[in-house]
Structure formats: C-alpha cells, structure tokens
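Structure file structure17.cif with mmCIF, C-alpha atoms:
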data_model
loop_
_atom_site.label_atom_id
_atom_site.label_comp_id
_atom_site.auth_asym_id
_atom_site.auth_seq_id
_atom_site.Cartn_x
_atom_site.Cartn_y
_atom_site.Cartn_z
CA MET A 196 25.70 22.10 -51.70
CA ILE A 197 22.19 23.11 -50.58
CA PRO A 198 22.05 24.76 -47.13
CA LEU A 199 20.37 22.50 -44.55
CA LEU A 200 17.42 24.85 -43.89
CA LYS A 201 16.63 25.24 -47.60
CA GLN A 202 17.04 21.52 -48.13
CA SER A 203 14.56 20.65 -45.37
CA ASN A 204 12.09 23.20 -46.70
CA ARG A 205 12.31 21.76 -50.21
CA LEU A 206 11.64 18.31 -48.84
CA PHE A 207 8.32 19.56 -47.56
CA GLY A 208 7.54 21.07 -50.97
CA LYS A 209 7.56 24.74 -50.01
CA GLN A 210 9.94 27.54 -49.14
CA VAL A 211 9.73 28.93 -45.56
CA LYS A 212 11.37 32.26 -44.94
CA ASN A 213 13.88 32.34 -42.12
CA ASN A 214 12.61 35.54 -40.55
CA SER A 215 11.97 36.75 -37.01
CA ALA A 216 8.23 36.04 -37.18
CA ASN A 217 8.90 32.44 -38.06
CA LYS A 218 11.43 32.15 -35.23
CA LYS A 219 8.84 33.48 -32.79
CA PHE A 220 6.29 30.92 -33.97
CA VAL A 221 8.71 28.04 -33.53
CA ARG A 222 9.82 29.26 -30.12
CA ASN A 223 6.28 29.68 -28.74
CA SER A 224 4.78 26.41 -29.98
CA SER A 225 5.18 23.24 -27.90
CA VAL A 226 3.51 19.86 -27.81
CA TRP A 227 3.54 20.17 -23.99
CA SER A 228 2.05 23.68 -23.79
CA LYS A 229 -1.19 22.40 -22.26
CA VAL A 230 0.53 20.65 -19.37
CA VAL A 231 -0.08 22.39 -16.04
CA LYS A 232 1.89 21.84 -12.86
CA GLY A 233 0.26 19.24 -10.68
CA PRO A 234 -0.08 19.37 -6.89
CA GLU A 235 2.68 17.92 -4.73
CA ASP A 236 2.12 14.65 -2.96
CA PRO A 237 0.98 15.61 0.58
CA ILE A 238 3.43 13.20 2.23
CA LEU A 239 6.29 14.51 0.09
CA GLY A 240 5.34 18.02 1.19
CA VAL A 241 5.68 16.96 4.84
CA SER A 242 9.17 15.60 4.17
CA VAL A 243 10.22 18.74 2.31
CA ALA A 244 9.06 20.97 5.18
CA PHE A 245 10.88 18.72 7.65
CA GLN A 246 14.12 18.89 5.67
CA LYS A 247 14.00 22.69 5.55
CA ASP A 248 13.48 23.05 9.30
CA PRO A 249 16.83 23.72 11.05
CA SER A 250 15.51 22.92 14.53
CA PRO A 251 17.36 20.10 16.35
CA LYS A 252 14.03 19.09 17.90
CA LYS A 253 12.30 18.39 14.58
CA VAL A 254 10.40 15.11 14.18
CA ASN A 255 9.12 13.58 10.93
CA LEU A 256 5.96 11.53 11.44
CA GLY A 257 4.84 11.56 7.82
CA VAL A 258 6.86 8.89 6.03
CA GLY A 259 5.38 5.41 5.83
CA ALA A 260 8.61 3.47 6.28
CA TYR A 261 9.87 1.68 9.38
CA ARG A 262 12.61 3.27 11.45
CA ASP A 263 14.52 1.80 14.38
CA ASP A 264 14.57 3.38 17.84
CA ASN A 265 17.27 5.78 16.65
CA GLY A 266 15.07 6.96 13.80
CA LYS A 267 17.26 5.22 11.21
CA PRO A 268 16.32 2.88 8.32
CA PHE A 269 16.38 -0.74 9.46
CA ILE A 270 17.88 -3.57 7.42
CA LEU A 271 16.78 -6.97 8.68
CA SER A 272 19.52 -9.45 9.60
CA SER A 273 17.56 -12.13 7.76
CA VAL A 274 17.77 -10.00 4.62
CA LYS A 275 21.52 -9.49 5.03
CA GLN A 276 22.10 -13.21 5.49
CA ALA A 277 19.89 -14.04 2.52
CA GLU A 278 21.91 -11.63 0.38
CA GLU A 279 25.14 -13.34 1.44
CA LYS A 280 23.66 -16.71 0.59
CA ILE A 281 22.48 -15.49 -2.83
CA ASN A 282 25.78 -13.80 -3.68
CA ALA A 283 27.69 -16.97 -2.81
CA THR A 284 25.99 -18.65 -5.78
CA ASN A 285 27.26 -15.99 -8.22
CA PRO A 286 23.77 -15.21 -9.55
CA ASP A 287 23.28 -13.87 -13.05
CA HIS A 288 21.24 -10.86 -14.10
CA GLU A 289 19.08 -12.52 -16.73
CA TYR A 290 15.44 -11.67 -17.29
CA GLY A 291 12.98 -13.40 -15.01
CA PRO A 292 9.70 -14.96 -16.18
CA ILE A 293 6.82 -12.62 -17.02
CA GLY A 294 4.90 -13.69 -13.92
CA GLY A 295 7.90 -14.05 -11.65
CA THR A 296 9.73 -17.23 -10.67
CA PRO A 297 7.60 -20.26 -9.65
CA ALA A 298 9.64 -20.53 -6.43
CA PHE A 299 8.72 -16.99 -5.38
CA ASN A 300 5.06 -17.41 -6.28
CA LYS A 301 4.93 -20.63 -4.28
CA VAL A 302 6.33 -19.10 -1.07
CA VAL A 303 3.87 -16.19 -1.44
CA GLN A 304 0.96 -18.63 -1.51
CA GLU A 305 2.34 -20.59 1.41
CA LEU A 306 2.74 -17.40 3.46
CA VAL A 307 -0.81 -16.23 2.73
CA PHE A 308 -2.69 -19.55 2.82
CA GLY A 309 -0.39 -21.84 4.83
CA LYS A 310 1.83 -24.63 3.52
CA SER A 311 -0.78 -27.31 4.16
CA SER A 312 -3.65 -25.31 2.71
CA GLU A 313 -6.01 -26.94 0.24
CA VAL A 314 -5.76 -23.80 -1.85
CA VAL A 315 -2.04 -24.47 -2.42
CA SER A 316 -2.28 -28.24 -2.93
CA SER A 317 -5.21 -28.00 -5.37
CA LYS A 318 -3.33 -25.42 -7.48
CA ARG A 319 -6.48 -23.34 -7.85
CA ALA A 320 -4.70 -20.16 -6.82
CA VAL A 321 -2.72 -18.08 -9.32
CA THR A 322 0.13 -15.83 -8.20
CA VAL A 323 2.21 -13.47 -10.30
CA GLN A 324 4.99 -11.25 -9.05
CA ALA A 325 4.33 -7.53 -9.49
CA LEU A 326 5.89 -4.19 -8.54
CA SER A 327 5.25 -4.16 -4.80
CA GLY A 328 1.77 -3.44 -3.45
CA THR A 329 0.98 -0.62 -5.87
CA GLY A 330 1.88 -2.67 -8.93
CA SER A 331 -0.01 -5.70 -7.64
CA LEU A 332 -3.12 -3.60 -7.13
CA ARG A 333 -2.82 -2.09 -10.60
CA VAL A 334 -2.33 -5.42 -12.36
CA GLY A 335 -5.29 -6.74 -10.39
CA ALA A 336 -7.42 -3.72 -11.28
CA ASP A 337 -6.63 -4.02 -14.98
CA PHE A 338 -7.29 -7.77 -14.97
CA ILE A 339 -10.59 -7.40 -13.11
CA LYS A 340 -11.70 -4.64 -15.45
CA ARG A 341 -10.92 -6.82 -18.46
CA TRP A 342 -12.12 -10.23 -17.31
CA ILE A 343 -14.33 -10.35 -14.23
CA ASN A 344 -17.63 -12.15 -14.68
CA LEU A 345 -20.14 -10.97 -12.11
CA PRO A 346 -23.40 -12.88 -12.65
CA ASN A 347 -25.57 -10.48 -10.69
CA SER A 348 -26.34 -6.80 -11.21
CA GLY A 349 -22.89 -5.41 -10.45
CA ASP A 350 -21.54 -3.62 -13.50
CA GLY A 351 -17.86 -4.45 -13.03
CA ARG A 352 -17.02 -0.80 -13.67
CA SER A 353 -17.22 0.45 -10.08
CA ILE A 354 -15.20 -0.40 -7.00
CA TYR A 355 -16.00 0.46 -3.40
CA VAL A 356 -13.16 1.57 -1.12
CA PRO A 357 -13.25 2.48 2.59
CA ASP A 358 -13.60 6.10 3.64
CA PRO A 359 -10.84 7.02 4.26
CA THR A 360 -8.37 4.83 2.41
CA TRP A 361 -4.75 4.91 1.26
CA GLY A 362 -4.33 7.97 -0.96
CA ASN A 363 -3.04 5.94 -3.91
CA HIS A 364 -6.09 3.66 -4.11
CA ILE A 365 -8.38 6.21 -5.70
CA PRO A 366 -6.15 7.43 -8.58
CA LEU A 367 -4.93 3.87 -9.14
CA PHE A 368 -8.40 2.46 -9.72
CA GLU A 369 -9.59 5.53 -11.59
CA ASP A 370 -6.63 5.26 -13.96
CA ALA A 371 -7.60 1.62 -14.51
CA GLY A 372 -11.04 2.79 -15.66
CA PHE A 373 -13.11 2.25 -12.52
CA THR A 374 -15.61 4.58 -10.94
CA VAL A 375 -14.48 4.71 -7.32
CA LYS A 376 -17.19 4.78 -4.68
CA LYS A 377 -16.79 4.88 -0.91
CA TYR A 378 -18.27 2.91 1.94
CA ARG A 379 -18.34 4.24 5.48
CA TYR A 380 -15.53 2.93 7.66
CA TYR A 381 -14.07 5.33 10.21
CA ASP A 382 -16.02 7.06 12.98
CA PRO A 383 -14.30 10.36 13.89
CA LYS A 384 -16.34 10.59 17.09
CA THR A 385 -14.76 7.45 18.52
CA CYS A 386 -11.60 7.33 16.37
CA GLY A 387 -12.67 3.75 15.73
CA LEU A 388 -14.59 1.57 13.30
CA ASP A 389 -18.10 2.58 12.24
CA PHE A 390 -19.01 -1.07 11.80
CA ASN A 391 -22.78 -0.78 11.53
CA ALA A 392 -22.49 1.89 8.85
CA MET A 393 -19.90 -0.22 7.03
CA VAL A 394 -22.19 -3.25 6.97
CA ASP A 395 -25.11 -1.09 5.90
CA ASP A 396 -23.22 0.34 2.92
CA ILE A 397 -21.97 -3.09 1.83
CA HIS A 398 -25.50 -4.46 2.06
CA LYS A 399 -27.00 -1.56 0.10
CA ALA A 400 -24.50 -1.82 -2.76
CA PRO A 401 -25.84 -3.48 -5.93
CA LYS A 402 -25.48 -7.24 -6.04
CA GLY A 403 -22.18 -8.39 -7.47
CA SER A 404 -20.27 -5.24 -6.60
CA ILE A 405 -16.49 -5.09 -6.16
CA PHE A 406 -15.14 -4.17 -2.73
CA LEU A 407 -11.60 -3.32 -1.65
CA PHE A 408 -10.66 -4.29 1.90
CA HIS A 409 -7.47 -3.63 3.87
CA ALA A 410 -6.54 -7.12 5.11
CA CYS A 411 -4.90 -5.70 8.26
CA ALA A 412 -3.40 -2.48 9.63
CA HIS A 413 -5.77 -0.17 7.75
CA ASN A 414 -3.99 2.79 6.19
CA PRO A 415 -4.40 5.58 7.27
CA THR A 416 -6.50 4.88 10.37
CA GLY A 417 -4.95 1.78 11.96
CA VAL A 418 -8.52 0.65 12.67
CA ASP A 419 -9.35 -2.96 11.79
CA PRO A 420 -12.48 -5.09 12.19
CA ASN A 421 -12.11 -7.83 14.80
CA ASP A 422 -12.41 -11.53 13.96
CA SER A 423 -16.14 -11.65 14.63
CA GLN A 424 -16.73 -8.57 12.48
CA TRP A 425 -14.72 -10.05 9.59
CA SER A 426 -16.99 -13.10 9.76
CA GLN A 427 -20.06 -10.88 9.54
CA LEU A 428 -18.56 -8.93 6.63
CA SER A 429 -17.82 -12.17 4.80
CA GLN A 430 -21.42 -13.31 5.19
CA VAL A 431 -22.83 -10.01 3.95
CA CYS A 432 -20.55 -10.08 0.91
CA LYS A 433 -21.53 -13.70 0.23
CA GLU A 434 -25.24 -12.93 0.47
CA LYS A 435 -24.84 -10.03 -1.96
CA GLY A 436 -22.53 -11.85 -4.36
CA HIS A 437 -19.80 -9.21 -3.96
CA PHE A 438 -16.23 -9.72 -5.13
CA SER A 439 -13.54 -8.91 -2.55
CA PHE A 440 -10.07 -7.53 -3.34
CA PHE A 441 -7.71 -7.53 -0.34
CA ASP A 442 -4.81 -5.11 -0.02
CA LEU A 443 -2.30 -7.07 2.10
CA ALA A 444 0.50 -4.57 2.66
CA TYR A 445 1.45 -5.45 6.25
CA GLN A 446 1.39 -9.22 6.78
CA GLY A 447 3.30 -9.87 9.98
CA PHE A 448 4.02 -6.20 10.46
CA ALA A 449 0.66 -5.42 12.06
CA SER A 450 0.45 -7.84 14.99
CA GLY A 451 3.85 -9.50 14.70
CA ASN A 452 2.14 -12.75 13.64
CA PRO A 453 1.93 -13.39 9.86
CA GLU A 454 -0.86 -15.94 10.29
CA LYS A 455 -2.98 -13.67 12.48
CA ASP A 456 -2.64 -10.81 10.02
CA VAL A 457 -4.33 -12.80 7.23
CA ASN A 458 -7.29 -13.92 9.30
CA SER A 459 -9.55 -11.64 7.25
CA VAL A 460 -8.48 -13.32 4.02
CA GLN A 461 -8.72 -16.80 5.52
CA THR A 462 -12.23 -16.10 6.78
CA PHE A 463 -13.45 -15.12 3.31
CA ILE A 464 -11.80 -18.14 1.68
CA LYS A 465 -13.31 -20.51 4.27
CA ASP A 466 -16.72 -19.05 3.40
CA GLY A 467 -16.22 -19.84 -0.28
CA HIS A 468 -15.18 -16.48 -1.72
CA GLN A 469 -12.94 -16.25 -4.74
CA VAL A 470 -10.83 -13.30 -3.64
CA ALA A 471 -7.98 -11.27 -5.09
CA ILE A 472 -4.99 -10.44 -2.88
CA ALA A 473 -2.32 -7.80 -3.48
CA SER A 474 0.71 -8.60 -1.31
CA SER A 475 3.60 -6.26 -0.56
CA PHE A 476 6.98 -7.18 0.91
CA ALA A 477 8.13 -3.58 1.43
CA LYS A 478 7.20 -3.16 5.09
CA ASN A 479 7.48 -6.69 6.48
CA PHE A 480 10.86 -7.42 4.83
CA GLY A 481 12.13 -3.84 4.73
CA LEU A 482 12.54 -4.11 0.94
CA TYR A 483 11.03 -0.73 0.09
CA GLY A 484 13.21 0.08 -2.91
CA GLU A 485 13.20 -3.43 -4.38
CA ARG A 486 9.50 -3.23 -5.29
CA VAL A 487 8.60 -6.81 -4.39
CA GLY A 488 4.93 -7.71 -4.48
CA ALA A 489 2.49 -10.29 -5.76
CA LEU A 490 -1.05 -10.57 -7.03
CA THR A 491 -2.94 -13.74 -6.15
CA LEU A 492 -6.33 -14.77 -7.54
CA LEU A 493 -8.45 -17.72 -6.41
CA THR A 494 -10.27 -19.77 -9.06
CA ASP A 495 -12.47 -22.88 -9.22
CA ASP A 496 -9.76 -25.37 -10.16
CA SER A 497 -6.31 -25.81 -11.67
CA THR A 498 -7.58 -25.61 -15.25
CA GLN A 499 -9.24 -22.26 -14.62
CA ALA A 500 -6.08 -21.16 -12.81
CA GLU A 501 -3.99 -21.92 -15.91
CA ASN A 502 -6.37 -19.82 -18.03
CA VAL A 503 -6.18 -16.90 -15.61
CA GLU A 504 -2.39 -17.12 -15.41
CA SER A 505 -2.07 -17.05 -19.20
CA GLN A 506 -4.15 -13.87 -19.43
CA LEU A 507 -2.27 -12.22 -16.55
CA LYS A 508 0.96 -12.75 -18.48
CA ILE A 509 -0.61 -11.27 -21.61
CA LEU A 510 -1.60 -8.24 -19.54
CA ILE A 511 1.81 -7.85 -17.87
CA ARG A 512 3.96 -8.30 -20.98
CA PRO A 513 3.23 -4.89 -22.60
CA MET A 514 3.01 -3.18 -19.20
CA TYR A 515 6.51 -3.82 -17.78
CA SER A 516 7.50 -7.09 -19.48
CA ASN A 517 8.72 -8.87 -16.35
CA PRO A 518 9.39 -8.03 -12.69
CA PRO A 519 12.77 -7.39 -11.04
CA VAL A 520 14.42 -10.52 -9.67
CA TYR A 521 16.68 -9.32 -6.84
CA GLY A 522 14.07 -8.63 -4.15
CA SER A 523 12.08 -11.75 -4.98
CA ARG A 524 15.27 -13.82 -4.60
CA ILE A 525 15.67 -12.43 -1.08
CA VAL A 526 12.09 -13.23 -0.06
CA THR A 527 12.28 -16.71 -1.60
CA THR A 528 15.61 -17.47 0.07
CA ILE A 529 14.34 -16.41 3.50
CA LEU A 530 11.02 -18.24 3.37
CA ASN A 531 12.57 -21.45 1.99
CA ASP A 532 15.28 -21.57 4.68
CA PRO A 533 13.91 -22.70 8.08
CA GLN A 534 16.54 -20.78 10.07
CA LEU A 535 16.22 -17.57 8.04
CA SER A 536 12.44 -17.85 8.08
CA GLN A 537 12.43 -18.11 11.87
CA LEU A 538 14.84 -15.19 12.13
CA TRP A 539 12.56 -13.12 9.87
CA ARG A 540 9.56 -13.97 12.04
CA THR A 541 11.48 -12.84 15.12
CA GLU A 542 12.51 -9.60 13.43
CA VAL A 543 9.09 -8.73 12.02
CA LYS A 544 7.60 -9.34 15.48
CA GLY A 545 10.28 -7.05 16.91
CA MET A 546 9.29 -4.27 14.51
CA ALA A 547 5.60 -4.71 15.34
CA ASP A 548 6.29 -4.84 19.08
CA ARG A 549 8.35 -1.63 18.97
CA ILE A 550 5.47 0.23 17.35
CA ILE A 551 2.98 -1.23 19.82
CA SER A 552 5.19 -0.15 22.73
CA MET A 553 5.46 3.39 21.31
CA ARG A 554 1.68 3.59 21.23
CA SER A 555 1.52 2.70 24.92
CA LEU A 556 4.27 5.14 25.84
CA LEU A 557 2.61 7.94 23.89
CA VAL A 558 -0.69 7.46 25.75
CA LYS A 559 1.17 7.26 29.07
CA HIS A 560 3.08 10.50 28.48
CA LEU A 561 -0.03 12.31 27.23
CA ALA A 562 -1.66 11.60 30.59
CA GLN A 563 1.49 12.64 32.47
CA ASN A 564 1.43 15.94 30.58
CA GLY A 565 -2.04 16.66 31.91
CA SER A 566 -4.10 15.85 28.82
CA LYS A 567 -7.71 15.15 29.78
CA ARG A 568 -8.65 13.68 26.42
CA ASN A 569 -9.33 9.99 25.94
CA TRP A 570 -6.42 8.71 23.87
CA LYS A 571 -7.35 5.02 24.12
CA HIS A 572 -7.80 4.84 20.35
CA ILE A 573 -4.02 5.15 19.96
CA THR A 574 -3.49 1.75 21.59
CA ASP A 575 -6.66 0.26 20.09
CA GLN A 576 -5.39 0.94 16.58
CA ILE A 577 -2.76 -1.28 14.98
CA GLY A 578 0.05 -1.15 12.45
CA MET A 579 2.29 1.61 11.21
CA PHE A 580 -0.25 4.43 11.36
CA CYS A 581 -2.29 6.14 14.02
CA TYR A 582 -5.28 8.31 13.17
CA SER A 583 -4.74 10.69 16.05
CA GLY A 584 -7.92 12.74 15.86
CA LEU A 585 -5.87 15.94 15.63
CA THR A 586 -7.45 18.66 13.50
CA PRO A 587 -5.62 20.30 10.57
CA GLN A 588 -5.18 23.42 12.69
CA GLN A 589 -3.63 21.42 15.52
CA VAL A 590 -1.32 19.68 13.05
CA ASP A 591 -0.27 23.11 11.76
CA ARG A 592 0.56 24.19 15.30
CA LEU A 593 2.66 21.08 15.86
CA ALA A 594 4.73 22.05 12.84
CA SER A 595 5.02 25.79 13.44
CA GLU A 596 5.49 25.75 17.22
CA PHE A 597 7.03 22.35 17.95
CA HIS A 598 8.72 21.31 14.68
CA ILE A 599 6.70 18.08 14.47
CA TYR A 600 5.55 17.14 10.98
CA LEU A 601 2.66 14.89 9.93
CA THR A 602 -0.10 14.97 7.31
CA ARG A 603 -2.93 17.41 7.98
CA ASN A 604 -5.50 14.62 8.41
CA GLY A 605 -3.79 13.83 11.72
CA ARG A 606 -2.16 10.59 10.58
CA ILE A 607 0.93 9.78 12.63
CA SER A 608 3.49 7.34 11.30
CA MET A 609 4.21 5.47 14.51
CA ALA A 610 7.47 4.19 12.99
CA GLY A 611 8.83 7.71 13.45
CA VAL A 612 8.11 7.70 17.18
CA THR A 613 11.07 6.62 19.31
CA SER A 614 11.96 6.35 22.97
CA LYS A 615 13.95 9.57 22.48
CA ASN A 616 11.12 11.74 21.08
CA VAL A 617 7.93 10.19 22.47
CA GLU A 618 7.85 12.42 25.57
CA TYR A 619 8.38 15.55 23.48
CA LEU A 620 5.66 14.43 21.07
CA ALA A 621 3.23 13.79 23.93
CA ALA A 622 3.93 17.17 25.54
CA SER A 623 3.43 18.90 22.20
CA MET A 624 0.18 17.06 21.46
CA ALA A 625 -1.10 17.86 24.92
CA ALA A 626 -0.29 21.54 24.35
CA VAL A 627 -2.11 21.87 21.00
CA THR A 628 -5.19 19.99 22.26
CA LYS A 629 -5.40 21.66 25.67
CA ASP A 630 -8.23 24.07 24.85
CA ALA A 631 -10.02 21.81 22.34
#

Would you encode the structure as structure tokens?
Amino acid sequence: MIPLLKQSNRLFGKQVKNNSANKKFVRNSSVWSKVVKGPEDPILGVSVAFQKDPSPKKVNLGVGAYRDDNGKPFILSSVKQAEEKINATNPDHEYGPIGGTPAFNKVVQELVFGKSSEVVSSKRAVTVQALSGTGSLRVGADFIKRWINLPNSGDGRSIYVPDPTWGNHIPLFEDAGFTVKKYRYYDPKTCGLDFNAMVDDIHKAPKGSIFLFHACAHNPTGVDPNDSQWSQLSQVCKEKGHFSFFDLAYQGFASGNPEKDVNSVQTFIKDGHQVAIASSFAKNFGLYGERVGALTLLTDDSTQAENVESQLKILIRPMYSNPPVYGSRIVTTILNDPQLSQLWRTEVKGMADRIISMRSLLVKHLAQNGSKRNWKHITDQIGMFCYSGLTPQQVDRLASEFHIYLTRNGRISMAGVTSKNVEYLAASMAAVTKDA
C-alpha cells in the first residue's frame, strides 16, 4: 500500500520531500495572511468598557436599544399577546416567499401610507420584507445602483447623506458601489439644524442626484426639520429632479404618533416624488433580534410595480434567499388585530413619552446643579438619541471620573437615562462642562 503522502505527491506528478524546510513553507503560508485586524465598532467599544467597570454607579448611554425605567430590556405586551395568538395556531417553520408574505407587506404599506391611501389602493407601491433597517437599506441600495433611471445629469453612482449620519450608512452604500457625499445638516453652534446650509447643498447638487433622508428622529443628532422645512426640502428636490431615499427606523417611536412620524414621507409623496423607504420594526416593536424590516418603492402604476417587484426578488434570491418569518408574523398579527394594534400604539407612545420626559428631567437637573449652559437643544431634539454638544475630552472625563459611558461624539442614548440615574448624569455633565 502506498503511503498517503507519497500517493498525494504522485497524483500531482512529482515527488516532494518531507523535510523540515517543506514543513516550514507549509506552516508559514496562508490564504488569509494579508488580512489585518480591523477597528472595533465604536459603540461596541463603549459597551466593553462599561462591562469592565466594577463601579456600582456606572451608566451605559451608548447602546441604541430601548430600556425601561429600570434600565432593562422591554418586551411589549402587544408582542407577547401576538406570540400567544400565533402559537395557538401551531405554525410551521416552512420557508417564506422571497419578498416576504403579502400580508406583512400590506400592513407595512398601510402603516406608512395609511389604509385609505391612494398609493395602497392603486397598487403602485412595491414592498418586500428585508433584514431590518440595515438589510432594507442594502437591498434598496443594490436595486437603485442596478436599475435607477435618472433622466437628468445625476450619474446614479453617488448618494448624498447628512453630515453627520448613522455610522452604518457610509460603509453600507460604499459596499453597494456608491460614492458617498455629504450635505450639511447639523450646526454645532446651536446643536440644531443648519437648514439654510442643507437647502443650499441640495440645490447645488447635480440635477437628478440621490439623497438619503432620515424620515424622523435623526440618528445621531435627534434634530429633525419641521413640517414647513420638509415642504421646502420637497420642493427643492422636485425642482432639481432628485431621488429621495428615506430611512424610516423610528416610526411611532419618535413622537409617539406613527402618522406624525411619517409626515416627511407623506409630504414628498403628495408633491409627486417617487421615493424609496427603508422601514425597521426593531425599535418601535422591540423586535431587535428578529431583524424585521421592509423596503418600499413607489412607481407610476401597478404594471411598473410588478416589474420592480420581479427584479427585487431576482436581487434578493442570491443574497439571502428569503427573509425570516417569525418577526414578520408578530408585526402582521398586531397590525391586523384592532385591539392589539391599539395596545401597540399605546405602548409605543409610552416608550416615546418616557424618553421625552427624561429629556426634560435632564435639563431640569442640569440647571439645579448650577450649569450655566443653554441645554434647550436636549428637549428640542427628538427620538432615542441626543447630540449633547459634549466634546470628546468631556466624554472621556465622564467615563474616567463618573463611570458614564457614551460615544466620543457626545451622542447620548436617551433610552439609557432613567429616573434613577438622571440626577447623577446631570451632576456629572455639569461638572465636566463647568469650566468650558
């Protein structure tokens, strides 16, 4: 019998000596030798530092997930009841359709556009389920890159995002093949919206450019245009022939009113825009780990919608084949049940109201701790995040001296602020900003 090593060498038509030099060559060569260690996610780094801190006073204000007033994960009662209702039917675990179930896609459209909307009744909107907000954005990016027809001078290879924007937007669109450009958005002097600069940049962009907008509760700043400003932005985009892609990650979670939180989208649709919308049900339903999201595209008519849907399925099939069904069943069950839907609306308003109340308490306690700074922007901003205006050095002091952890750009996750730690947070912020 031929020894295995000799046999394999003969198969390749030559004899290779089994010596130490050869062993060294094999040991040192690797197809992954060029891979270098990448940087840690900045938010993950905040959580790691928080976990290592033994202080009983420590506070984590980095994670973008809702917590109750005890700082614990919150499972909605409407979700629990929907799960009971689903389990009572003994559901199977079969594959779902490539684009998600029609029932789920229908309730998504009804939530975004309204049940009586012409967009829904005319069937000119296309919705496919995707992997939460991130997956919806990526499917949308890939589809736009492949198919968008911009009749003006826009090249379809660039996308404009606000400065700043959610950290995942830039690598997501770059990985999809876009050149990512920025338009001015946040004014650090006022901790508010730099609206005139925003309009100016949108107007100066080449005709037919692609713009990404945060539909509500801008991440990371919490700064949103008001209704009048959204109307002006819609008109500028219409005049320039721009295409608008809305990231709708917080419907209902921002103001507590799902209809109010899509006013930006509704304004653009009323003005005749064919928009794209990436919806997430992580925050507003508390379904973070279920990865429930949807991409919706508006078209001219139902025939065009069928064409778009067919190509979306062709795009999705080799990407992840089909989406998970469990989370979409929960969302569908809640929104199709009048009692559960009302309960969900009550709960999502409760989450929004708790965050709004923490903003007010934080400003109140900052003043009580002698801070002379104007903290009005904390209550002017909306949603899960607050762009505090703290410098990286002040953030470092919060961590080292007071065991309070947040990202170095000063973004506070307001979901981590509770009635039990808000006074301590205010006193600490007052201390690190005292001499600034």

> Need the neighbours of (-6.5, -17.7, -8.3): which residues are at most 6 Å away, counting all atoms listed in the file, as a list in words?
Replying inline: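 Applying the cut-off with all atoms listed in the file, one gets Arg319, Ala320, Val321, Thr491, Leu492, Leu493, Thr494 and Ala500 of chain A.
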
>> Could you tell me how far atom CA of Thr416 of chain A sits from atom CA of His560 of chain A, in Å to one decimal place?
In response: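 These two atoms are separated by 21.2 Å.
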
>> Quick check on the file I pasted: which residues fall under the PyMOL selection byres ((chain A and resi 292) around 12)? Write them as a PyMOL selection string.
In response: chain A and resi 289-291+293-300+323-325+508+511-512+515-520+523

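Pairwise distance (atom CA of Tyr582 of chain A, atom CA of Ala610 of chain A) equals 13.4 Å.
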
>> For Lys253 of chain A, find every residue with an atom within 12 Å (counting all atoms listed in the file), except residues of its own chain fewer than 5 positions away, and show them as number ranges by chain.
In response: A: 241-242, 244-248, 266, 593-601, 611-612, 615-616, 619-620, 623

>> As an exercise, work out the distance from atom CA of Gly605 of chain A to atom CA of Thr628 of chain A in Å and give it to one decimal place.
In response: 12.3 Å

>> Quick one: residues within 12 Å of Phe373 of chain A, only C-alpha atoms, excluding same-chain residues fewer than 2 positions away - as a VMD selection string?
In response: chain A and resid 333 336 to 341 350 to 356 364 to 371 375 to 376 404 to 406

> So which residues touch Thr329 of chain A within 10 Å, counting only C-alpha atoms, skipping near sequence neighbours fewer than 4 positions away, as a list in words?
Replying inline: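 In the requested format, the answer is Ala325, Arg333, Val334, Gly335, Asn363, His364, Leu367, Asp442, Ala444, Ala473, Ser474, Ser475, Arg486, Val487, Gly488 and Ala489 of chain A.
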
>> Set the distance at 7 Å and use all atoms listed in the file: which residues neighbour Arg379 of chain A once local chain neighbours fewer than 5 positions away are removed? I'd like the list as a VMD selection string.
In response: chain A and resid 357 to 358 389 392 to 393 396

> On this structure, which residues satisfy the PyMOL selection byres ((chain A and resi 411) around 7), written as JSON, numbers by chain?
Replying inline: {"A": [409, 410, 412, 413, 419, 443, 445, 449, 456]}

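Counting all atoms listed in the file and comparing A:Ile509, A:Met579, A:Val543, A:Ala622, the residue that lies closest to Gln563 of chain A is A:Ala622.
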